[in-house]
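Trainee: One structure coming up, written as structure tokens, with questions to follow.
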Amino acid sequence: MRQSLHAVTLVVPDYDEAISFYTQTLNFTLLQDIDLGGGKRWVRVAPPGSSDGSLLLAKANGPDQTAAIGNQTGGRVGFFLQTDNFKRDHAAMQTAGVEFEELPRQEPYGTVAVWRDPFGNRWDLIEFS
């Protein structure tokens, strides 16, 4: 038996704003953008070179989902962007205007720095050692 994690939902305020950030600022690939009708879309993005897993960008619907934008993990880092070259990607992200909360730090598992997407979600940029 083989299973894999296909997608994780990320609630966003607007599809096109989220697509723009992830594809233009972070160079993610737009895998799918399918109109489902009624203002809903099936939108998936993935980091360059990713073979498994993606983000399903879901536009908030109603006050509960809107309130969850940027706080889907209760303030914890909830998303982890793995890189094969921390210095390169950290510099590129800073140049693109990504907001890092801290300077890069060494941990027993690798080099890491916390950043936020424009919707308030906390991410780790991480290169495992």
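Chain lettering (A, B, ...) mirrors the order of the structure tokens, residue numbering begins at 1 for each chain separately, and ligand numbering begins at 1 in order of display.
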Please run DSSP on the backbone and report, as a compact mmCIF listing (two decimals) with N, CA, C and O atoms, in the first residue's frame, all residues within chain A that come out as alpha helix (DSSP H).

Mentor:
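Output contents, as saved in states12.txt:
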```txt
# COMPACT_ATOMS: atom_id res chain seq x y z
N TYR A 15 -8.53 34.39 -3.81
CA TYR A 15 -7.78 33.43 -4.63
C TYR A 15 -6.63 34.09 -5.39
O TYR A 15 -5.50 33.63 -5.33
N ASP A 16 -6.94 35.14 -6.14
CA ASP A 16 -5.94 35.72 -7.02
C ASP A 16 -4.78 36.35 -6.25
O ASP A 16 -3.62 36.27 -6.67
N GLU A 17 -5.08 36.98 -5.12
CA GLU A 17 -4.01 37.54 -4.28
C GLU A 17 -3.09 36.43 -3.77
O GLU A 17 -1.87 36.57 -3.77
N ALA A 18 -3.67 35.32 -3.36
CA ALA A 18 -2.87 34.20 -2.86
C ALA A 18 -2.06 33.56 -3.99
O ALA A 18 -0.87 33.27 -3.81
N ILE A 19 -2.69 33.37 -5.14
CA ILE A 19 -1.96 32.82 -6.29
C ILE A 19 -0.78 33.72 -6.63
O ILE A 19 0.33 33.25 -6.87
N SER A 20 -1.00 35.01 -6.66
CA SER A 20 0.06 35.96 -6.98
C SER A 20 1.22 35.83 -6.01
O SER A 20 2.39 35.76 -6.41
N PRO A 63 -17.89 34.22 8.41
CA PRO A 63 -17.09 34.85 9.47
C PRO A 63 -16.12 33.89 10.18
O PRO A 63 -15.03 34.30 10.55
N ASP A 64 -16.49 32.64 10.37
CA ASP A 64 -15.58 31.71 11.05
C ASP A 64 -14.32 31.46 10.23
O ASP A 64 -13.21 31.46 10.76
N GLN A 65 -14.50 31.23 8.94
CA GLN A 65 -13.33 31.00 8.08
C GLN A 65 -12.52 32.27 7.93
O GLN A 65 -11.28 32.22 7.93
N THR A 66 -13.18 33.40 7.80
CA THR A 66 -12.45 34.68 7.71
C THR A 66 -11.61 34.91 8.96
O THR A 66 -10.46 35.35 8.87
N ALA A 67 -12.16 34.59 10.12
CA ALA A 67 -11.43 34.75 11.38
C ALA A 67 -10.22 33.83 11.46
O ALA A 67 -9.25 34.14 12.16
N ALA A 68 -10.23 32.72 10.74
CA ALA A 68 -9.13 31.76 10.79
C ALA A 68 -7.96 32.15 9.91
O ALA A 68 -6.85 31.61 10.05
N PHE A 86 19.59 27.00 1.93
CA PHE A 86 18.96 28.00 2.80
C PHE A 86 19.40 29.42 2.45
O PHE A 86 18.56 30.31 2.32
N LYS A 87 20.70 29.63 2.33
CA LYS A 87 21.21 31.00 2.08
C LYS A 87 20.63 31.58 0.80
O LYS A 87 20.20 32.74 0.76
N ARG A 88 20.59 30.79 -0.26
CA ARG A 88 20.05 31.25 -1.54
C ARG A 88 18.58 31.65 -1.40
O ARG A 88 18.17 32.74 -1.79
N ASP A 89 17.78 30.75 -0.82
CA ASP A 89 16.34 31.01 -0.76
C ASP A 89 15.99 32.08 0.26
O ASP A 89 15.08 32.88 0.04
N HIS A 90 16.71 32.14 1.36
CA HIS A 90 16.49 33.19 2.35
C HIS A 90 16.75 34.56 1.72
O HIS A 90 15.95 35.49 1.87
N ALA A 91 17.86 34.68 1.01
CA ALA A 91 18.19 35.95 0.35
C ALA A 91 17.15 36.32 -0.71
O ALA A 91 16.72 37.48 -0.79
N ALA A 92 16.73 35.35 -1.51
CA ALA A 92 15.74 35.61 -2.56
C ALA A 92 14.40 36.03 -1.94
O ALA A 92 13.73 36.94 -2.45
N MET A 93 14.02 35.39 -0.87
CA MET A 93 12.76 35.73 -0.22
C MET A 93 12.82 37.13 0.39
O MET A 93 11.87 37.90 0.27
N GLN A 94 13.93 37.47 1.01
CA GLN A 94 14.08 38.82 1.56
C GLN A 94 14.00 39.85 0.45
O GLN A 94 13.34 40.88 0.59
N THR A 95 14.68 39.60 -0.66
CA THR A 95 14.66 40.52 -1.80
C THR A 95 13.24 40.69 -2.33
O THR A 95 12.85 41.78 -2.75
```

Trainee: I'd like to know which residues of region 94-127 of chain A are strand (DSSP E or B) (by DSSP, run on the backbone); could you write them as a ChimeraX atom specification?

Mentor: /A:99-100,105-107,110-116,122-127

Trainee: Which is closer to Asp84 (chain A) than all the others in A:Glu107, A:Glu127, A:Glu99, A:Asp52, using only C-alpha atoms?

Mentor: A:Glu127

Trainee: Quick one: pull the distance between CA of Arg2 (chain A) and CA of Ser54 (chain A), Å, one decimal.

Mentor: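 Taking CA of Arg2 (chain A) as the start and CA of Ser54 (chain A) as the end point, the length is 17.5 Å.
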
Trainee: Can you tell me how far CA of Gln3 (chain A) sits from CA of Thr83 (chain A), in Å to one decimal?

Mentor: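 Going from CA of Gln3 (chain A) over to CA of Thr83 (chain A), I get 23.1 Å.
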
Trainee: Distance table requested - region 58-125 of chain A against region 5-12 of chain A, cut-off 10 Å, only C-alpha atoms: one row per qualifying residue with the closest atom pair and its distance in Å to one decimal, ordered by chain and rising residue number, as a tab-separated table.

Mentor:
```
residue	atom	partner	partner_atom	distance
A:Ala58	CA	A:Val11	CA	4.8
A:Lys59	CA	A:Val12	CA	5.0
A:Ala60	CA	A:Val11	CA	5.7
A:Asn61	CA	A:Val11	CA	9.1
A:Gln65	CA	A:Val11	CA	7.1
A:Thr66	CA	A:Val11	CA	7.9
A:Ala67	CA	A:Val11	CA	9.8
A:Ala68	CA	A:Val11	CA	7.3
A:Ile69	CA	A:Val11	CA	5.7
A:Gly70	CA	A:Val12	CA	8.0
A:Asn71	CA	A:Val11	CA	9.5
A:Gln72	CA	A:Val11	CA	7.9
A:Phe79	CA	A:Val8	CA	9.6
A:Pro118	CA	A:Val12	CA	9.7
A:Phe119	CA	A:Val12	CA	6.9
A:Gly120	CA	A:Val12	CA	9.8
A:Asn121	CA	A:Leu10	CA	9.0
```

Trainee: Convert the current residue selection to file output with C-alpha atoms, as a PDB file, in the first residue's frame.

Mentor:
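Saved file part.pdb follows:
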```pdb
ATOM      1  CA  ALA A  58      -9.411  28.106  -0.289  1.00  0.00           C
ATOM      2  CA  LYS A  59     -11.166  31.465  -0.196  1.00  0.00           C
ATOM      3  CA  ALA A  60     -12.736  32.099   3.200  1.00  0.00           C
ATOM      4  CA  ASN A  61     -16.495  31.682   3.269  1.00  0.00           C
ATOM      5  CA  GLN A  65     -13.333  30.999   8.084  1.00  0.00           C
ATOM      6  CA  THR A  66     -12.450  34.677   7.707  1.00  0.00           C
ATOM      7  CA  ALA A  67     -11.431  34.754  11.379  1.00  0.00           C
ATOM      8  CA  ALA A  68      -9.129  31.759  10.790  1.00  0.00           C
ATOM      9  CA  ILE A  69      -7.059  33.506   8.095  1.00  0.00           C
ATOM     10  CA  GLY A  70      -3.509  33.790   9.375  1.00  0.00           C
ATOM     11  CA  ASN A  71      -4.283  31.864  12.545  1.00  0.00           C
ATOM     12  CA  GLN A  72      -5.128  28.404  11.295  1.00  0.00           C
ATOM     13  CA  PHE A  79       3.885  25.274   7.432  1.00  0.00           C
ATOM     14  CA  PRO A 118       0.954  38.192   3.654  1.00  0.00           C
ATOM     15  CA  PHE A 119      -2.087  36.556   5.265  1.00  0.00           C
ATOM     16  CA  GLY A 120      -0.359  36.110   8.638  1.00  0.00           C
ATOM     17  CA  ASN A 121       0.463  32.392   8.491  1.00  0.00           C
TER      18      ASN A 121
END
```

Trainee: My list of candidates is A:Tyr109, A:Trp123, A:Phe80, A:Tyr22. Which is closest to Val43 (chain A) when distances are computed with only C-alpha atoms?

Mentor: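 Comparing A:Tyr109, A:Trp123, A:Phe80, A:Tyr22 against Val43 (chain A), the winner is A:Tyr22.
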
Trainee: Residues within 7 Å of Phe100 (chain A), please, as a list in words. Count only C-alpha atoms; anything in the same chain fewer than 5 positions from it doesn't count.

Mentor: Val114, Trp115 and Arg116 of chain A

Trainee: Those same residues, written as a PDB file, in the first residue's frame with N, CA, C and O atoms?

Mentor:
```pdb
ATOM      1  N   VAL A 114      11.869  31.684  10.822  1.00  0.00           N
ATOM      2  CA  VAL A 114      10.416  31.823  10.742  1.00  0.00           C
ATOM      3  C   VAL A 114      10.070  33.059   9.912  1.00  0.00           C
ATOM      4  O   VAL A 114      10.674  34.117  10.075  1.00  0.00           O
ATOM      5  N   TRP A 115       9.085  32.887   9.018  1.00  0.00           N
ATOM      6  CA  TRP A 115       8.587  33.991   8.205  1.00  0.00           C
ATOM      7  C   TRP A 115       7.074  33.923   8.153  1.00  0.00           C
ATOM      8  O   TRP A 115       6.464  32.940   8.541  1.00  0.00           O
ATOM      9  N   ARG A 116       6.459  35.017   7.694  1.00  0.00           N
ATOM     10  CA  ARG A 116       5.002  35.080   7.561  1.00  0.00           C
ATOM     11  C   ARG A 116       4.629  35.352   6.114  1.00  0.00           C
ATOM     12  O   ARG A 116       5.265  36.151   5.436  1.00  0.00           O
TER      13      ARG A 116
END
```

Trainee: Give me the residues near Leu31 (chain A) as a compact mmCIF listing (two decimals) with C-alpha atoms, in the first residue's frame, where near means some atom within 8 Å (using only C-alpha atoms) and where sequence neighbours in that chain fewer than 5 positions away do not count.

Mentor:
```txt
# COMPACT_ATOMS: atom_id res chain seq x y z
CA VAL A 43 -6.63 26.07 -6.61
CA ARG A 44 -3.45 24.14 -5.86
CA VAL A 45 0.11 25.44 -5.71
CA ALA A 46 3.40 23.71 -4.87
```

Trainee: For the atom pair CA of Val77 (chain A) and CA of Gly39 (chain A), what is the interatomic distance in Å to one decimal place?

Mentor: 29.5 Å

Trainee: Using only C-alpha atoms, find the one residue out of A:Val112, A:Ile126, A:Leu81, A:Ile34 that sits nearest to Gly49 (chain A).

Mentor: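 Closest to Gly49 (chain A), using only C-alpha atoms: A:Leu81.
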